[in-house]
Amino acid sequence: MVLSILISVLVVSSIGGGLAALLVVSEHYLANYGPCDVTINDDKKLTIQGGKNLLSVLTEQKIFIPSACGGRGTCGLCKLKVLEGAGDLLPTEEPYLDQQERASNVRLSCQVKVRNNLRIEIPSELLSLQEYACRCAKIVDLTHDIKLFRLELVEPAEMSYIPGQYVQLLTPVYEKSSEEVYRAYSIASDPSEKGFIDLIIRLVPGGICTTYCFEYLKEGDDVKINGPYGDFRLSQTEAPMIFIAGGSGMAPIKCILHHMKNTNNPRKAVYYFGANRVDELFLTDEMRQFESELAAFRYVPVVARPEEGQNWDGQTGLVTEAVAREMENAADSEAYLCGSPGMIDAAIKVLIDLGVTEDKIYYDKFA
Amino acid sequence: MNVGAEIQQAFVVCISAVFTQNILLAYFLGLCPFIGVSREIKTAFGLGLAVIFVLTATVMLNWLAYRYVLEPLGLEFFRFILFIIIIAAFVQFTEMAIERFSPFLYQKLGVFLPLITVNCAILGASLFMVIRNYSFIVTIGWGLGSGTGWFLAIMAMAGIRQRLAHERIPRGLQGPGITLIIAGLMALAFIGFTGVLQGR
Ligand SMILES: Cc1cc2nc3c(=O)[nH]c(=O)nc-3n(C[C@H](O)[C@H](O)[C@H](O)COP(=O)(O)OP(=O)(O)OC[C@H]3O[C@@H](n4cnc5c(N)ncnc54)[C@H](O)[C@@H]3O)c2cc1C
Ligand code: FES
């Protein structure tokens, strides 16, 4: 009995071990592409060890390319022109590239592997993106799964950004993750507070970066961010605005509202904020404050399922239902949406039904 | 049994695995990628080819491991673990090799390989081969047939779904819902092949 258990364990582990060893050895020979040159804008030449994807190679060299999905090939933000050496377009890239981009050699840098010498083009504004060393100054609980992280910029001591933009937060190697990853978080701070960046982060169970932030990051710790990125921002028109957000989608809208207050922007605006339960609403006092300080701003919290005994007398149901209920015609409005892809897609449908034209709907999908 | 008869049996098993005993439509194995990756013919083609290749190769490897390692030691019950380890290692290795030596193949198949480790049709085929006591040559026919059957099913599904893309489907049925219904209808259609061949 004991002998047969021993034998079986021995056999299975030796086969497993043997196969693993075989893989390690073959990886050493097969995945070793030797040193490769990456020439940027026909000007700068980097010599790096081949075998990794272009996005991570550039990030290692402190050249920051926008990426919201951390290289999974699902956000389509990491586009770059690769003029030579990238090989054929991969099926994983196709959904994100239109005819014109394909013709001008645009690729998703997270999918292109560096296997030989490459010649690439990086727009100069991206080359000027920086890494910022910060200190985590304060962590505030907003709801049971959302926290606000206040980062104090250390070096450089200020960041100039457009309200609505996001930064990438570096998650270092820690107990639950064996590699460094970057994740996108929208800036939630008041732009007039120069030395600080606030992030509003919702815990994704099992998520690499959010678990780090919620369970490991402590006040006083060093963190690194880079950016700013993104085109989500106020337009330069006078049109009335509809903001729609849920959960941590609050972040960029809060920043935009601070900015409107700082610049005495008189535009008409209404902000629908969705939560499942009453205790998932947060920063309500700040929003009420904006109502009194901004010329024509209204805050409408919407609770999907208020529990008994919470005496909720505000809007109920899904945030999109509340929008459809309150608005009749929004043909002259612009819409700004932030939150989960599901919520955004639903909101776009409702808005189009209300007459908002598609080119006036701006959004940041947190995916 | 002599080699000629075995080859003949392998051929019969192969054909029946494609049609009457289609691993997907008769045993419903490998449904997850079947539903997930059948939106376009192009990607279905890549994944399908990768399945044919991996399935055929792994049933052969697993047959050897079963016959020459597990059986002599009386460890047949370990086949689940061993088969999975072998499949995973083989997929990893193939991906590395393809990426290195054939950019063309990598472009067509490589990106789908990691998806395959979790395709239960692959493991299922290896387990069936044990239950049915196939010889090595018959196993080759079985692997090739099962892979081809899976390929055929996903290609047919992708073709149907591409056509459906612009149809008006009731809200509650969109996506996986209608796909499962179509899979059911396809399975019924494939029953029509029974009787053409009584494959074992
Ligand atoms: C432009 C942009 C701005 C963003 N701003 C914010 C922000 O201000 N606040 C904020 O909290 N998040 C924001 N996000 C989302 C954020 O970048 C991360 O995706 C998220 O925090 C999960 O990271 P993770 O490393 O913890 O999880 P991962 O380890 O990346 O993911 C773990 C699992 O959860 C799934 N998953 C990933 N993201 C989500 C999600 N949002 N909801 C549900 N499941 C998910 C993944 O598919 C994966 O299976 C933003 C995203 C984008 C694209
Ligand atoms: S980083 Fe998201 S697609 Fe490349």
# chains A, B, ... in the order shown; residues from 1 in each chain; ligands from 1
>>> residues_near_ligand(ligand="ligand 2", cutoff="7 Å", atoms="only C-alpha atoms and all ligand atoms", output="MDAnalysis selection string")
chainID A and resid 67:78 108:111
>>> residues_near_ligand(ligand="ligand 1", cutoff="6 Å", atoms="only C-alpha atoms and all ligand atoms", output="PDB file with N, CA and C atoms, in the first residue's frame")
ATOM      1  N   ALA A  68      -4.340  50.335 -21.257  1.00  0.00           N
ATOM      2  CA  ALA A  68      -5.271  50.264 -20.141  1.00  0.00           C
ATOM      3  C   ALA A  68      -5.486  48.837 -19.700  1.00  0.00           C
ATOM      4  N   TYR A 166      -6.098  59.968 -17.346  1.00  0.00           N
ATOM      5  CA  TYR A 166      -5.753  58.945 -16.371  1.00  0.00           C
ATOM      6  C   TYR A 166      -4.251  58.737 -16.292  1.00  0.00           C
ATOM      7  N   ARG A 183      -1.672  49.424 -14.385  1.00  0.00           N
ATOM      8  CA  ARG A 183      -3.117  49.527 -14.582  1.00  0.00           C
ATOM      9  C   ARG A 183      -3.501  51.004 -14.650  1.00  0.00           C
ATOM     10  N   ALA A 184      -4.555  51.274 -15.413  1.00  0.00           N
ATOM     11  CA  ALA A 184      -4.988  52.657 -15.611  1.00  0.00           C
ATOM     12  C   ALA A 184      -5.939  53.095 -14.509  1.00  0.00           C
ATOM     13  N   TYR A 185      -5.738  54.277 -13.970  1.00  0.00           N
ATOM     14  CA  TYR A 185      -6.681  54.863 -13.020  1.00  0.00           C
ATOM     15  C   TYR A 185      -6.861  56.340 -13.324  1.00  0.00           C
ATOM     16  N   SER A 186      -8.108  56.754 -13.357  1.00  0.00           N
ATOM     17  CA  SER A 186      -8.411  58.144 -13.688  1.00  0.00           C
ATOM     18  C   SER A 186      -8.055  59.048 -12.518  1.00  0.00           C
ATOM     19  N   ILE A 200      -9.450  56.976  -7.255  1.00  0.00           N
ATOM     20  CA  ILE A 200     -10.566  56.278  -6.615  1.00  0.00           C
ATOM     21  C   ILE A 200     -10.592  54.881  -7.201  1.00  0.00           C
ATOM     22  N   ILE A 201     -10.333  53.883  -6.363  1.00  0.00           N
ATOM     23  CA  ILE A 201     -10.128  52.535  -6.893  1.00  0.00           C
ATOM     24  C   ILE A 201     -11.131  51.570  -6.289  1.00  0.00           C
ATOM     25  N   ARG A 202     -11.751  50.775  -7.171  1.00  0.00           N
ATOM     26  CA  ARG A 202     -12.682  49.750  -6.697  1.00  0.00           C
ATOM     27  C   ARG A 202     -11.981  48.397  -6.713  1.00  0.00           C
ATOM     28  N   VAL A 204     -11.283  44.800  -7.407  1.00  0.00           N
ATOM     29  CA  VAL A 204     -11.726  43.705  -8.270  1.00  0.00           C
ATOM     30  C   VAL A 204     -11.245  42.426  -7.597  1.00  0.00           C
ATOM     31  N   GLY A 206      -9.564  39.295  -6.593  1.00  0.00           N
ATOM     32  CA  GLY A 206      -8.534  38.542  -7.294  1.00  0.00           C
ATOM     33  C   GLY A 206      -7.696  39.379  -8.243  1.00  0.00           C
ATOM     34  N   GLY A 207      -8.023  40.641  -8.399  1.00  0.00           N
ATOM     35  CA  GLY A 207      -7.266  41.498  -9.322  1.00  0.00           C
ATOM     36  C   GLY A 207      -5.871  41.774  -8.801  1.00  0.00           C
ATOM     37  N   ILE A 208      -4.908  41.828  -9.714  1.00  0.00           N
ATOM     38  CA  ILE A 208      -3.522  41.986  -9.293  1.00  0.00           C
ATOM     39  C   ILE A 208      -3.295  43.345  -8.647  1.00  0.00           C
ATOM     40  N   CYS A 209      -3.676  44.386  -9.364  1.00  0.00           N
ATOM     41  CA  CYS A 209      -3.338  45.728  -8.898  1.00  0.00           C
ATOM     42  C   CYS A 209      -4.233  46.152  -7.734  1.00  0.00           C
ATOM     43  N   THR A 210      -5.531  45.874  -7.839  1.00  0.00           N
ATOM     44  CA  THR A 210      -6.418  46.356  -6.780  1.00  0.00           C
ATOM     45  C   THR A 210      -6.175  45.600  -5.473  1.00  0.00           C
ATOM     46  N   THR A 211      -5.860  44.310  -5.552  1.00  0.00           N
ATOM     47  CA  THR A 211      -5.537  43.582  -4.324  1.00  0.00           C
ATOM     48  C   THR A 211      -4.306  44.199  -3.671  1.00  0.00           C
ATOM     49  N   SER A 248     -16.326  53.394  -9.345  1.00  0.00           N
ATOM     50  CA  SER A 248     -15.126  54.225  -9.395  1.00  0.00           C
ATOM     51  C   SER A 248     -15.134  55.146 -10.602  1.00  0.00           C
ATOM     52  N   GLY A 249     -16.136  55.033 -11.463  1.00  0.00           N
ATOM     53  CA  GLY A 249     -16.298  55.973 -12.577  1.00  0.00           C
ATOM     54  C   GLY A 249     -16.493  57.396 -12.090  1.00  0.00           C
ATOM     55  N   ALA A 251     -14.373  58.970 -10.489  1.00  0.00           N
ATOM     56  CA  ALA A 251     -13.079  59.661 -10.444  1.00  0.00           C
ATOM     57  C   ALA A 251     -12.915  60.791 -11.472  1.00  0.00           C
ATOM     58  N   ASP A 364     -15.073  56.755 -21.093  1.00  0.00           N
ATOM     59  CA  ASP A 364     -13.894  55.982 -20.707  1.00  0.00           C
ATOM     60  C   ASP A 364     -14.398  54.662 -20.169  1.00  0.00           C
ATOM     61  N   LYS A 365     -14.082  53.580 -20.867  1.00  0.00           N
ATOM     62  CA  LYS A 365     -14.501  52.265 -20.365  1.00  0.00           C
ATOM     63  C   LYS A 365     -13.435  51.740 -19.423  1.00  0.00           C
ATOM     64  N   PHE A 366     -13.839  51.394 -18.215  1.00  0.00           N
ATOM     65  CA  PHE A 366     -12.885  50.862 -17.232  1.00  0.00           C
ATOM     66  C   PHE A 366     -12.735  49.367 -17.415  1.00  0.00           C
ATOM     67  N   ALA A 367     -12.095  48.961 -18.505  1.00  0.00           N
ATOM     68  CA  ALA A 367     -11.951  47.518 -18.660  1.00  0.00           C
ATOM     69  C   ALA A 367     -10.524  47.180 -19.015  1.00  0.00           C
TER      70      ALA A 367
END
>>> interface_residues(of="chain A", to="chain B", cutoff="7 Å", atoms="only C-alpha atoms", output="PyMOL selection string")
chain A and resi 8+12+16+19+23+30-31+90
>>> residues_around(residues="Thr357 of chain A", least_positions_apart="2", cutoff="12 Å", atoms="only C-alpha atoms", output="list of chain:residue names")
A:Asn329, A:Ala330, A:Ala331, A:Asp332, A:Ser333, A:Glu334, A:Ala335, A:Ile348, A:Lys349, A:Val350, A:Leu351, A:Ile352, A:Asp353, A:Leu354, A:Gly355, A:Asp359, A:Lys360, A:Ile361, A:Tyr362
>>> closest_residue(among="B:Ile178, B:Ile154, B:Ala57, B:Leu164", to="Phe136 of chain B", atoms="only C-alpha atoms")
B:Ala57
>>> select_by_dssp(residues="segment 17-137 of chain B", states="helix (DSSP H, G or I)", output="MDAnalysis selection string")
chainID B and resid 17:18 31:36 41:73 76:101 103:108 110:116 120:131 136:137
>>> residues_around(residues="Tyr271 of chain A", least_positions_apart="3", cutoff="12 Å", atoms="only C-alpha atoms", output="CSV table (one decimal) with C-alpha atoms, in the first residue's frame")
chain,number,residue,atom,x,y,z
A,240,PRO,CA,-25.5,71.2,-21.7
A,241,MET,CA,-23.9,68.1,-20.3
A,242,ILE,CA,-25.0,64.8,-19.0
A,243,PHE,CA,-22.5,63.0,-16.8
A,244,ILE,CA,-23.2,59.3,-16.1
A,245,ALA,CA,-21.1,57.2,-13.9
A,246,GLY,CA,-21.1,54.2,-11.6
A,249,GLY,CA,-16.3,56.0,-12.6
A,250,MET,CA,-16.8,58.9,-10.2
A,253,ILE,CA,-16.0,63.3,-13.3
A,254,LYS,CA,-15.1,64.6,-9.9
A,256,ILE,CA,-13.8,67.7,-14.2
A,257,LEU,CA,-16.3,69.2,-11.7
A,268,LYS,CA,-25.5,73.4,-17.5
A,274,GLY,CA,-25.5,54.8,-10.0
A,284,THR,CA,-22.4,62.8,-1.7
A,287,MET,CA,-21.4,66.6,-4.9
A,288,ARG,CA,-24.0,68.6,-3.0
A,290,PHE,CA,-20.7,71.4,-6.2
A,291,GLU,CA,-24.5,72.0,-6.6
A,296,ALA,CA,-26.1,75.2,-13.1
A,297,PHE,CA,-25.2,71.7,-11.8
A,298,ARG,CA,-27.5,69.0,-10.5
A,299,TYR,CA,-26.5,65.8,-8.8
A,300,VAL,CA,-28.8,62.8,-9.1
A,301,PRO,CA,-27.7,59.7,-7.2
A,302,VAL,CA,-29.6,56.6,-8.4
A,319,VAL,CA,-28.9,54.6,-13.7
A,320,THR,CA,-29.8,54.3,-17.4
A,322,ALA,CA,-33.3,57.1,-14.3
A,323,VAL,CA,-31.8,59.0,-17.2
A,326,GLU,CA,-36.0,62.2,-16.3
A,334,GLU,CA,-23.2,66.2,-24.8
A,335,ALA,CA,-22.8,63.1,-22.7
A,336,TYR,CA,-19.8,62.0,-20.6
A,337,LEU,CA,-19.8,58.4,-19.4
A,338,CYS,CA,-17.5,56.5,-17.1
>>> residues_around(residues="Val167 of chain A", least_positions_apart="4", cutoff="12 Å", atoms="only C-alpha atoms", output="PyMOL selection string")
chain A and resi 64-68+129-132+151+159-163+182-188+197-200+224-230+251-252
>>> residues_around(residues="Val12 of chain B", least_positions_apart="5", cutoff="12 Å", atoms="only C-alpha atoms", output="ChimeraX atom specification")
/B:5-7,17-21,137-142,144-145,196-200
>>> select_by_dssp(residues="segment 251-333 of chain A", states="strand (DSSP E)", output="ChimeraX atom specification")
/A:268-275,296-303,315-316
>>> write_last_selection(atoms="C-alpha atoms", output="mmCIF file, in the first residue's frame")
data_model
loop_
_atom_site.group_PDB
_atom_site.id
_atom_site.type_symbol
_atom_site.label_atom_id
_atom_site.label_comp_id
_atom_site.auth_asym_id
_atom_site.auth_seq_id
_atom_site.Cartn_x
_atom_site.Cartn_y
_atom_site.Cartn_z
ATOM 1 C CA LYS A 268 -25.511 73.436 -17.527
ATOM 2 C CA ALA A 269 -24.748 69.957 -16.232
ATOM 3 C CA VAL A 270 -26.532 67.032 -14.623
ATOM 4 C CA TYR A 271 -24.711 64.100 -13.083
ATOM 5 C CA TYR A 272 -26.386 60.706 -12.721
ATOM 6 C CA PHE A 273 -24.438 58.444 -10.404
ATOM 7 C CA GLY A 274 -25.509 54.827 -10.042
ATOM 8 C CA ALA A 275 -25.042 52.468 -7.093
ATOM 9 C CA ALA A 296 -26.138 75.159 -13.132
ATOM 10 C CA PHE A 297 -25.229 71.731 -11.798
ATOM 11 C CA ARG A 298 -27.532 69.010 -10.505
ATOM 12 C CA TYR A 299 -26.456 65.759 -8.827
ATOM 13 C CA VAL A 300 -28.796 62.770 -9.132
ATOM 14 C CA PRO A 301 -27.745 59.675 -7.195
ATOM 15 C CA VAL A 302 -29.625 56.568 -8.356
ATOM 16 C CA VAL A 303 -29.887 53.457 -6.192
ATOM 17 C CA GLN A 315 -34.263 57.830 -7.822
ATOM 18 C CA THR A 316 -34.330 54.050 -7.948
#
>>> closest_residue(among="B:Ala26, B:Ala125, B:Ala44, B:Cys120", to="Leu188 of chain B", atoms="only C-alpha atoms")
B:Ala26
>>> residues_around(residues="segment 213-223 of chain A", least_positions_apart="3", cutoff="9 Å", atoms="only C-alpha atoms", output="PyMOL selection string")
chain A and resi 132-139+145+147+149+151+169-172+174+201+203+208-210
>>> atom_distance(atom1="atom CA of Gly184 of chain B", atom2="atom CA of Phe28 of chain B")
9.7 Å
>>> atom_distance(atom1="atom CA of Val112 of chain A", atom2="atom CA of Ala86 of chain A")
6.3 Å
